[in-house]
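Asker: Please find one structure pasted underneath; my questions will follow.
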Amino acid sequence: MAPSAKARGRPAQTGPRARRFMGTLLIAVAVQLTVLGASLASFTGAKTAGPQALESATLATPTGLVAANGGCSAGETQKTNVSATWTASAEKPDANGNAMINGYKVWRSTSSEGAYSSVGATGIATSFTDINPSGAPTPQVFVGNGAVATVHAVNTLTEAGTSITTGTIGTEPNGMAVTPEGTKVVVAEGASHQAQIIAVASDTVTTTVAIPAGGSESRPDAVAITPNGLTAYVVDGANKLVYPITISSGARGAGIAVGTQGDPGAIVVTPNGAEVYVANYGSHNVSVISTSTNTVTATVTIGGATGKPIALAVTPSSAHVYVADQENAKIDDITTSSHTVSSTITVPSMTDANVAGGGDPNILAITPNGSKLYVASFTGHKVTDIAIPGATVTGEIALFEAATAAPNALALTPNGCQLYVHEHAHNVVDVITVSSDALATHVAVAATGDPTGMSVTPNSASVYVANTGGPSVSVIATATNTVSSTLKEATVGKKPYAVLATASPYFYKLQAGHGGWQSPLTASVMYPLGWNQGGWQ
């Protein structure tokens with residue numbers, strides 16, 4: 001510290017000159033304090049940090065961004081929401097004791113390469129619900145025709161149909177699958193011994209993949225696609241093989257040996273993309289295929305070596321795969337981490353007298369939040385509600401034609417509000433309110449087939465039902481649960497069995513902020529609204 005005037009041997013100044021000096025000093029101090037006070041006070045809303053301006057925008061990029069189903073809200077049967085969550089920032093507080101991050105902003109695009117726009121801010125909350133997002137391309141519904149070599153693409157807005165010449169898929173409601181981004185559809189054509197890849201943008205076949213004969217002519221009758229959209233797994237039910245196909249090129253990998261299939265077959269990919277599960281109806285077991293090696297890593301016995309697995313469904317968490325055992329009227333719960341049956345649940349009979357050597361692969365449905373498993377019991381005349389995980393039967397739902405109902409297909413709306421149950425014996429679709437398991441109503445449709453294909457649009461607004469004997473497709477409006485239109489043969493083809501609605505992909509990024517500063521955007525995460533991960537079709 002500099003010595004005072006007195007210490008240096010000079011007398012202290014007094015009088016008007018000294019008073020002027022002290023006044024100037026006080027003003028300067030007051031101005032400086034005002035500046036500092038303004039700086040401190042404005043830290044939460046400007047590019048400042050305590051008494052000094054931030055040298056650069058160094059806010060850390062947020063982490064842990066995940067997009068998932070937004071659930072069902074009362075009265076919102078025609079809305080499908082997306083929920084985004086992320087990890088709270090751990091950056092230290094500022095000079096005022098405020099969190100360094102004082103706001104998050106969510107950005108959305110409808111394509112991986114498209115422009116992003118802000119869809120909302122959350123303050124310091126680490127979650128955001130995107131209510132009924134829009135802007136994605138209009139979904140299409142693809143209708144596969146048994147015994148007729150066509151697939152018809154239907155615009156869900158205009159209901160105009162485009163006929164696509166393909167192979168013959170046979171009578172398989174799970175003979176088609178779509179990529180999560182909705183750009184490609186893969187068709188397993190059992191009667192034509194091939195798989196074809198359709199470009200959704202042009203509704204044209206881009207690639208034909210031959211499924212070779214083994215001990216007998218091939219019968220590709222089921223297909224599932226990985227969550228990254230890169231690989232399709234096609235079941236050859238005639239030769240007990242599963243073929244991985246690279247969707248971009250159509251390259252077919254080596255056949256993976258599994259057990260004896262039923263017809264139709266059942267196959268699912270876990271939502272984490274790690275494994276493929278294949279129901280081996282005639283071999284009484286389920287094969288587990290690792291997607292990283294395309295080899296069978298486990299074989300799970302069903303029903304004590306007497307089971308006949310005809311349907312599969314996997315939880316959104318990938319932790320459990322549920323297997324419908326037709327022979328023993330049970331549901332086996334496979335814990336995926338150990339590949340063991342952790343519990344068995346008794347349900348009414350699922351025997352389907354109309355399908356020889358098999359049954360219906362779409363009689364299981366898991367709600368988007370993973371809390372309920374529904375089982376359609378064909379000769380049990382009802383639907384069973386099982387709470388999962390834990391596998392506890394919470395109710396058995398009597399259908400409209402209670403004593404004679406023959407449910408053979410299920411379809412949940414993507415928002416999880418309503419369950420649609422196709423009832424083969426009476427050509428009706430029963431509607432169940434998921435929150436209460438109450439039978440809300442039933443909807444008459446045209447003459448259907450067995451098995452029957454059903455699919456729901458991404459916004460949960462419409463259910464499409466294949467009427468093989470119509471020939472037509474019934475469109476049920478979920479808001480009123482009435483048939484809003486019936487698509488005739490010219491639009492959907494002569495023998496509609498398979499029905500598949502494309503998803504609406506939405507891409508999300510996140511940004512953290514502090515006043516005028518903003519962090520870099522995170523990498524994008526995609527939620528394919530309406531894509532039935534690990535589902536039954």
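Naming works like this for the structure tokens: A, B, ... for the chains as they're shown, residue 1 at the start of each chain, ligands 1 onward in shown order.
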For A:Gly75, find every residue with an atom within 12 Å (counting only C-alpha atoms), except residues of its own chain fewer than 6 positions away, and show them as JSON, numbers by chain.

Answerer: {"A": [415, 417, 418, 433, 435, 478, 479, 480]}

Asker: Any chance you can output those residues with N, CA and C atoms as a CSV table (one decimal), in the first residue's frame?

Answerer:
chain,number,residue,atom,x,y,z
A,415,ASN,N,-50.5,-43.8,-28.3
A,415,ASN,CA,-50.6,-43.1,-27.0
A,415,ASN,C,-51.0,-44.0,-25.8
A,417,CYS,N,-53.9,-45.1,-25.1
A,417,CYS,CA,-55.3,-44.8,-24.5
A,417,CYS,C,-56.2,-46.0,-24.7
A,418,GLN,N,-56.2,-46.6,-25.9
A,418,GLN,CA,-57.2,-47.6,-26.3
A,418,GLN,C,-56.6,-48.8,-26.9
A,433,THR,N,-61.0,-49.4,-23.1
A,433,THR,CA,-60.3,-48.2,-22.5
A,433,THR,C,-59.2,-48.8,-21.6
A,435,SER,N,-57.1,-47.4,-19.4
A,435,SER,CA,-57.0,-47.0,-18.0
A,435,SER,C,-57.9,-47.8,-17.1
A,478,THR,N,-60.7,-43.1,-34.0
A,478,THR,CA,-60.6,-43.4,-32.6
A,478,THR,C,-61.4,-42.4,-31.8
A,479,ALA,N,-61.6,-41.2,-32.3
A,479,ALA,CA,-62.4,-40.2,-31.5
A,479,ALA,C,-63.8,-40.6,-31.3
A,480,THR,N,-64.4,-41.3,-32.3
A,480,THR,CA,-65.8,-41.7,-32.2
A,480,THR,C,-66.0,-43.2,-32.2

Asker: Leaving out A:Thr231 and any residue of its chain fewer than 5 positions from it, which residues lie within 6 Å of it when counting only C-alpha atoms, given as a ChimeraX atom specification?

Answerer: /A:225-226,245-247

Asker: Return as a VMD selection string the full set of residues in stretch 101-345 of chain A whose backbone-based DSSP assignment is strand (DSSP E or B).

Answerer: chain A and resid 103 to 109 117 to 123 127 to 130 140 to 145 150 to 155 161 to 165 176 to 178 184 to 189 194 to 199 204 to 210 220 to 225 231 to 236 241 to 246 251 to 252 256 to 257 266 to 269 275 to 280 285 to 290 295 to 301 309 to 314 320 to 325 330 to 335 340 to 345

Asker: So how far away is atom CA of A:Gly123 from atom CA of A:Asn102, in Å?

Answerer: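 The value is 6.1 Å.
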
Asker: Provide the atom CA of A:Thr85 to atom CA of A:Pro505 distance in Å, to one decimal place.

Answerer: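 Going from atom CA of A:Thr85 over to atom CA of A:Pro505, I get 17.5 Å.
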
Asker: Using only C-alpha atoms, which of A:Ile476, A:Ala199, A:Val269, A:Leu373 sits nearest A:Ala446?

Answerer: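 Closest residue, counting only C-alpha atoms: A:Ile476.
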
Asker: Under the rule that only C-alpha atoms are counted, which of A:Gly144, A:Gly71, A:Gly273, A:Gly449 is the nearest residue to A:Ser163?

Answerer: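 Counting only C-alpha atoms, the residue closest to A:Ser163 is A:Gly144.
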
Asker: Excluding A:Gly114 and residues on its chain fewer than 4 positions from it, collect all residues at most 12 Å away from it, counting only C-alpha atoms, and give them as a ChimeraX atom specification.

Answerer: /A:107-110,135-136,505-508,524

Asker: Using only N, CA, C and O atoms, please write the residues we just selected to a file, as a compact mmCIF listing (two decimals), in the first residue's frame.

Answerer:
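Once written, again-v6.txt looks like this:
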# COMPACT_ATOMS: atom_id res chain seq x y z
N TRP A 107 -35.31 -28.42 -29.14
CA TRP A 107 -35.42 -28.17 -30.58
C TRP A 107 -35.87 -29.44 -31.27
O TRP A 107 -35.53 -30.55 -30.85
N ARG A 108 -36.64 -29.29 -32.36
CA ARG A 108 -37.20 -30.46 -33.05
C ARG A 108 -37.05 -30.32 -34.55
O ARG A 108 -37.13 -29.21 -35.11
N SER A 109 -36.83 -31.48 -35.22
CA SER A 109 -36.82 -31.55 -36.67
C SER A 109 -37.60 -32.79 -37.08
O SER A 109 -37.85 -33.69 -36.27
N THR A 110 -37.98 -32.84 -38.34
CA THR A 110 -38.71 -34.01 -38.84
C THR A 110 -37.83 -34.90 -39.71
O THR A 110 -38.31 -35.85 -40.30
N GLY A 135 -45.84 -32.10 -38.54
CA GLY A 135 -44.87 -31.68 -39.54
C GLY A 135 -44.18 -32.81 -40.25
O GLY A 135 -43.53 -32.58 -41.27
N ALA A 136 -44.26 -34.03 -39.71
CA ALA A 136 -43.65 -35.18 -40.39
C ALA A 136 -44.42 -35.49 -41.66
O ALA A 136 -45.59 -35.11 -41.82
N PRO A 505 -41.28 -39.94 -37.76
CA PRO A 505 -40.05 -39.74 -36.99
C PRO A 505 -39.86 -38.28 -36.59
O PRO A 505 -40.03 -37.36 -37.39
N TYR A 506 -39.50 -38.08 -35.33
CA TYR A 506 -39.16 -36.74 -34.85
C TYR A 506 -37.79 -36.78 -34.18
O TYR A 506 -37.48 -37.71 -33.44
N PHE A 507 -36.99 -35.75 -34.48
CA PHE A 507 -35.63 -35.67 -33.99
C PHE A 507 -35.53 -34.49 -33.03
O PHE A 507 -36.01 -33.39 -33.33
N TYR A 508 -34.87 -34.73 -31.89
CA TYR A 508 -34.81 -33.71 -30.85
C TYR A 508 -33.36 -33.40 -30.49
O TYR A 508 -32.50 -34.29 -30.47
N SER A 524 -28.54 -35.28 -31.83
CA SER A 524 -29.98 -35.53 -31.92
C SER A 524 -30.33 -36.92 -31.42
O SER A 524 -29.53 -37.85 -31.48

Asker: Kindly indicate which residue among A:Met100, A:Asn155, A:Leu410, A:Leu521 lies nearest to A:Pro62, using only C-alpha atoms for the distances.

Answerer: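 Once distances to A:Pro62 are computed over only C-alpha atoms, the minimum belongs to A:Leu521.
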
Asker: Rounded to one decimal place, report the atom CA of A:Ala60-atom CA of A:Ser112 distance in Å.

Answerer: 23.1 Å

Asker: Hey, what's within 7 Å of A:Val465 if we count only C-alpha atoms and toss same-chain stuff fewer than 5 positions away? As a PyMOL selection string, please?

Answerer: chain A and resi 453-455+473-475

Asker: Go ahead and save the picked residues with C-alpha atoms, as a PDB file, in the first residue's frame.

Answerer:
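Output saved as part_23.pdb:
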ATOM      1  CA  GLY A 453     -53.828 -57.508 -39.738  1.00  0.00           C
ATOM      2  CA  MET A 454     -54.501 -54.245 -37.877  1.00  0.00           C
ATOM      3  CA  SER A 455     -52.422 -51.100 -37.554  1.00  0.00           C
ATOM      4  CA  VAL A 473     -59.909 -52.186 -45.314  1.00  0.00           C
ATOM      5  CA  SER A 474     -62.032 -50.575 -42.604  1.00  0.00           C
ATOM      6  CA  VAL A 475     -60.792 -47.274 -41.160  1.00  0.00           C
TER       7      VAL A 475
END

Asker: I want to know what sits within 10 Å of stretch 145-154 of chain A, based on only C-alpha atoms, with residues of the same chain fewer than 5 positions away left out; could you give that as number ranges by chain?

Answerer: A: 139-140, 159-173, 176, 187, 189-192, 198, 200, 203-204, 466, 468, 471, 487, 489-501

Asker: Counting only C-alpha atoms, what is within 7 Å of A:Tyr374, bar same-chain residues fewer than 6 positions away, as a PyMOL selection string?

Answerer: chain A and resi 364-366+383-386

Asker: Emit the selected residues as a short mmCIF file (atom, residue, chain, number, x, y, z; two decimals), in the first residue's frame, including N, CA and C atoms.

Answerer:
data_model
loop_
_atom_site.label_atom_id
_atom_site.label_comp_id
_atom_site.auth_asym_id
_atom_site.auth_seq_id
_atom_site.Cartn_x
_atom_site.Cartn_y
_atom_site.Cartn_z
N LEU A 364 -50.56 -60.55 -28.70
CA LEU A 364 -49.96 -59.92 -27.53
C LEU A 364 -49.75 -58.44 -27.81
N ALA A 365 -49.97 -57.61 -26.80
CA ALA A 365 -49.75 -56.17 -26.95
C ALA A 365 -49.29 -55.60 -25.62
N ILE A 366 -48.19 -54.86 -25.64
CA ILE A 366 -47.66 -54.20 -24.45
C ILE A 366 -47.87 -52.70 -24.58
N VAL A 383 -60.03 -61.23 -23.29
CA VAL A 383 -58.69 -60.64 -23.27
C VAL A 383 -58.22 -60.56 -21.82
N THR A 384 -56.99 -61.00 -21.57
CA THR A 384 -56.42 -60.97 -20.22
C THR A 384 -55.47 -59.77 -20.08
N ASP A 385 -55.60 -59.08 -18.93
CA ASP A 385 -54.73 -57.95 -18.62
C ASP A 385 -53.73 -58.42 -17.57
N ILE A 386 -52.43 -58.32 -17.90
CA ILE A 386 -51.37 -58.74 -17.00
C ILE A 386 -50.50 -57.54 -16.66
#

Asker: Show which residues sit within 7 Å of stretch 253-261 of chain A, as a list in words. Count only C-alpha atoms, and ignore same-chain residues fewer than 2 positions away.

Answerer: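 After dropping sequence-adjacent residues, the list is Gly237, Lys240, Leu241, Val242, Tyr243, Pro244, Ile245, Ala251, Asp263, Gly265, Asn280, Tyr281, Gly282, Ser283, Ser287 and Thr295 of chain A.
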